[in-house]
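Asker: Mind looking over this structure? Questions follow.
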Amino acid sequence: MAATKQIKGVTLRADPARDTAFDVVQSPRDMHEYVGMSDIAQRQRIHRHMHNEMQALEIAAQTLSDFPDAPWELQLELARQCWDEVRHTIMMYRLVLERGGYKGEFPVMNHEWSIACMATTLIGRLTLQNRTFEGGEMDLLRHLSRMWREAGDEYTAGILDGFLADEVQHVRFANTWIKKLTANNPLAPLQVAEAVSFLRRVTSSLAPTPGETNGVGVDITAFTHMDGSEFVAFEDRRLAGFSEDELRVLAKPLTRSPENPENIDKATTS
Ligand SMILES: [Fe+2]
Ligand SMILES: [Fe+2]
């Protein structure tokens, strides 16, 4: 049985091992996230992204370890994903250094790891990590690459475009394999539902209350209210195997709040 931790009454997977350079926190209240594109906001955004890529690597690797009986072709996909996420982490780390930053300059959270690695079925794990969190990552990358481009940083925008191409594949193989595994497993729909319902419960329990601020005084809800249909990368999601019915659900107004639980697929904190 994997080690767990309790956060706001929810049981989550205990944090993975971390270099002591990192200050690992458990709440967005303790993060140092900024709005806008000031120098420090840019550095923090890249540092957070580097850490999220590292988490994506760890989740894919942990999935290989937790489900040794997964079909060989799926194990190969997960192994290839590990390589992609390593490359993404290294590229982000280079950007951190090029901007005069350093590993551990800002607090980090293992949000995705703590949730996704609670799934005890392979279908549940792929549903939470690849289909949901990395599905949200596709939306976010499309948005971020536009943001960096508008700020005149074509170099960073181009790197994020490259990541997006890889993320489409990470979501696509999960969608393909969830379908394949479902065909041979009558319990599969229940396993998907169980994973989604767990995510809803966690998202609702951890949701910030209006006016809550983070470690640098920024209202946390500033990061959780991006308008739904504008924010969804529909074309990328089509390429990643989302059906038109699923895209119609995602086109509804946003996302993480308990009031819009059907739109949980867009929840991400990357
Ligand atoms: Fe990645
Ligand atoms: Fe990925």
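Residue names in the structure tokens use chain letters A, B, ... in the order shown, residue numbers from 1 in each chain, and ligand numbers from 1 in the order shown.
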Can you pull out every residue within 9 Å of A:Arg201, counting only C-alpha atoms, but drop anything in the same chain fewer than 4 positions away, and send it as a PyMOL selection string?

Answerer: chain A and resi 10+196-197+205-206+258

Asker: Just the selected residues (N, CA and C atoms), exported as an mmCIF file, in the first residue's frame, please.

Answerer:
data_model
loop_
_atom_site.group_PDB
_atom_site.id
_atom_site.type_symbol
_atom_site.label_atom_id
_atom_site.label_comp_id
_atom_site.auth_asym_id
_atom_site.auth_seq_id
_atom_site.Cartn_x
_atom_site.Cartn_y
_atom_site.Cartn_z
ATOM 1 N N VAL A 10 -8.859 15.220 2.728
ATOM 2 C CA VAL A 10 -8.809 14.287 1.601
ATOM 3 C C VAL A 10 -7.513 13.470 1.697
ATOM 4 N N VAL A 196 -13.097 9.740 -11.884
ATOM 5 C CA VAL A 196 -13.618 11.099 -12.109
ATOM 6 C C VAL A 196 -14.307 11.608 -10.852
ATOM 7 N N SER A 197 -15.029 10.723 -10.172
ATOM 8 C CA SER A 197 -15.729 11.172 -8.974
ATOM 9 C C SER A 197 -14.729 11.511 -7.861
ATOM 10 N N SER A 205 -12.967 19.897 -2.519
ATOM 11 C CA SER A 205 -12.425 20.084 -1.162
ATOM 12 C C SER A 205 -11.259 21.072 -1.147
ATOM 13 N N LEU A 206 -10.460 21.073 -2.208
ATOM 14 C CA LEU A 206 -9.267 21.929 -2.221
ATOM 15 C C LEU A 206 -9.509 23.293 -2.867
ATOM 16 N N PRO A 258 -17.509 23.448 -7.837
ATOM 17 C CA PRO A 258 -18.517 22.413 -7.616
ATOM 18 C C PRO A 258 -19.785 22.704 -8.409
#

Asker: Please, which residues of stretch 10-253 of chain A, numbered as in this document, come out alpha helix (DSSP H) from DSSP, as a PyMOL selection string?

Answerer: chain A and resi 39-66+72-98+111-116+122-125+134-150+154-183+188-206+228-231+234-239+244-250

Asker: Here is a test: counting only C-alpha atoms and all ligand atoms, which residue of A:Ile40, A:Val96, A:Leu122, A:Val171 is nearest to ligand 2?

Answerer: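 Ranked by minimum distance to ligand 2, first place goes to A:Val171.
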
Asker: Check which residues fall inside 9 Å of ligand 2 when counting only C-alpha atoms and all ligand atoms, and print them as a list in words.

Answerer: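 These are the residues that qualify: Glu53, Ala56, Leu57, Ala60, Gln81, Cys82, Asp84, Glu85, His88, Gln129, Asn130, Phe133, Glu134, Gly135, Glu137, Met138, Phe163, Leu164, Asp166, Glu167, Val168, Gln169, His170 and Val171 of chain A.
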
Asker: So which one's closest to A:Thr121, A:Glu235, A:Val192, A:Asp15, A:Ser38? Using only C-alpha atoms, please.

Answerer: A:Val192

Asker: Give me, as a list in words, all polymer residues having an atom no more than 12 Å from A:Val216, counting only C-alpha atoms and skipping those fewer than 6 positions away in the same chain.

Answerer: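 Once the adjacent positions are removed, what remains is Pro28, Arg29, Asp30, Met31, His32, Glu33, Tyr34, Val35, Ile40, Ala41, Gln44, Phe106 and Pro107 of chain A.
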
Asker: From the options A:Asp19, A:Gly36, A:His51, A:Arg43, which residue's atoms come nearest to ligand 1, counting only C-alpha atoms and all ligand atoms?

Answerer: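 Checking each candidate against ligand 1, we get A:His51 as the closest.
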
Asker: Which residue is closest to ligand 1? Choose from A:Leu74, A:Ala17, A:Leu160, A:Ile123 and count only C-alpha atoms and all ligand atoms.

Answerer: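 For ligand 1, the nearest of the candidates is A:Leu160.
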
Asker: Could you check the closest approach to ligand 1 for each of A:Met109, A:Ala165, A:Cys117, A:Leu95 and tell me which residue wins, using only C-alpha atoms and all ligand atoms?

Answerer: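 Of the candidates, the smallest distance to ligand 1 is held by A:Ala165.
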
Asker: Quick one: pull the distance between atom CA of A:Arg200 and atom CA of A:Ile46, Å, one decimal.

Answerer: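 Result for atom CA of A:Arg200 versus atom CA of A:Ile46: 27.6 Å, one decimal.
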
Asker: Looking at A:Pro189, A:Pro210, A:Gly162, A:Gly215, which one is nearest to ligand 1, with distances taken over only C-alpha atoms and all ligand atoms?

Answerer: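 Of A:Pro189, A:Pro210, A:Gly162, A:Gly215, the one nearest ligand 1, counting only C-alpha atoms and all ligand atoms, is A:Gly162.
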
Asker: I'd like the interatomic distance between atom CA of A:Val232 and atom CA of A:His111, to a tenth of an Å.

Answerer: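 One can read the atom CA of A:Val232 to atom CA of A:His111 distance as 21.0 Å.
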
Asker: What does the distance between atom CA of A:Gly104 and atom CA of A:Glu58 come to in Å, to one decimal place?

Answerer: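 About the pair atom CA of A:Gly104 and atom CA of A:Glu58: they are 17.8 Å apart.
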
Asker: Please identify all polymer residues within 12 Å of A:Arg125, counting only C-alpha atoms, omitting same-chain residues fewer than 3 positions from it, and present them as a VMD selection string.

Answerer: chain A and resid 59 to 64 66 to 67 70 78 112 to 122 128 to 134 174 to 175 177 to 178 188 191 to 196 198 to 199
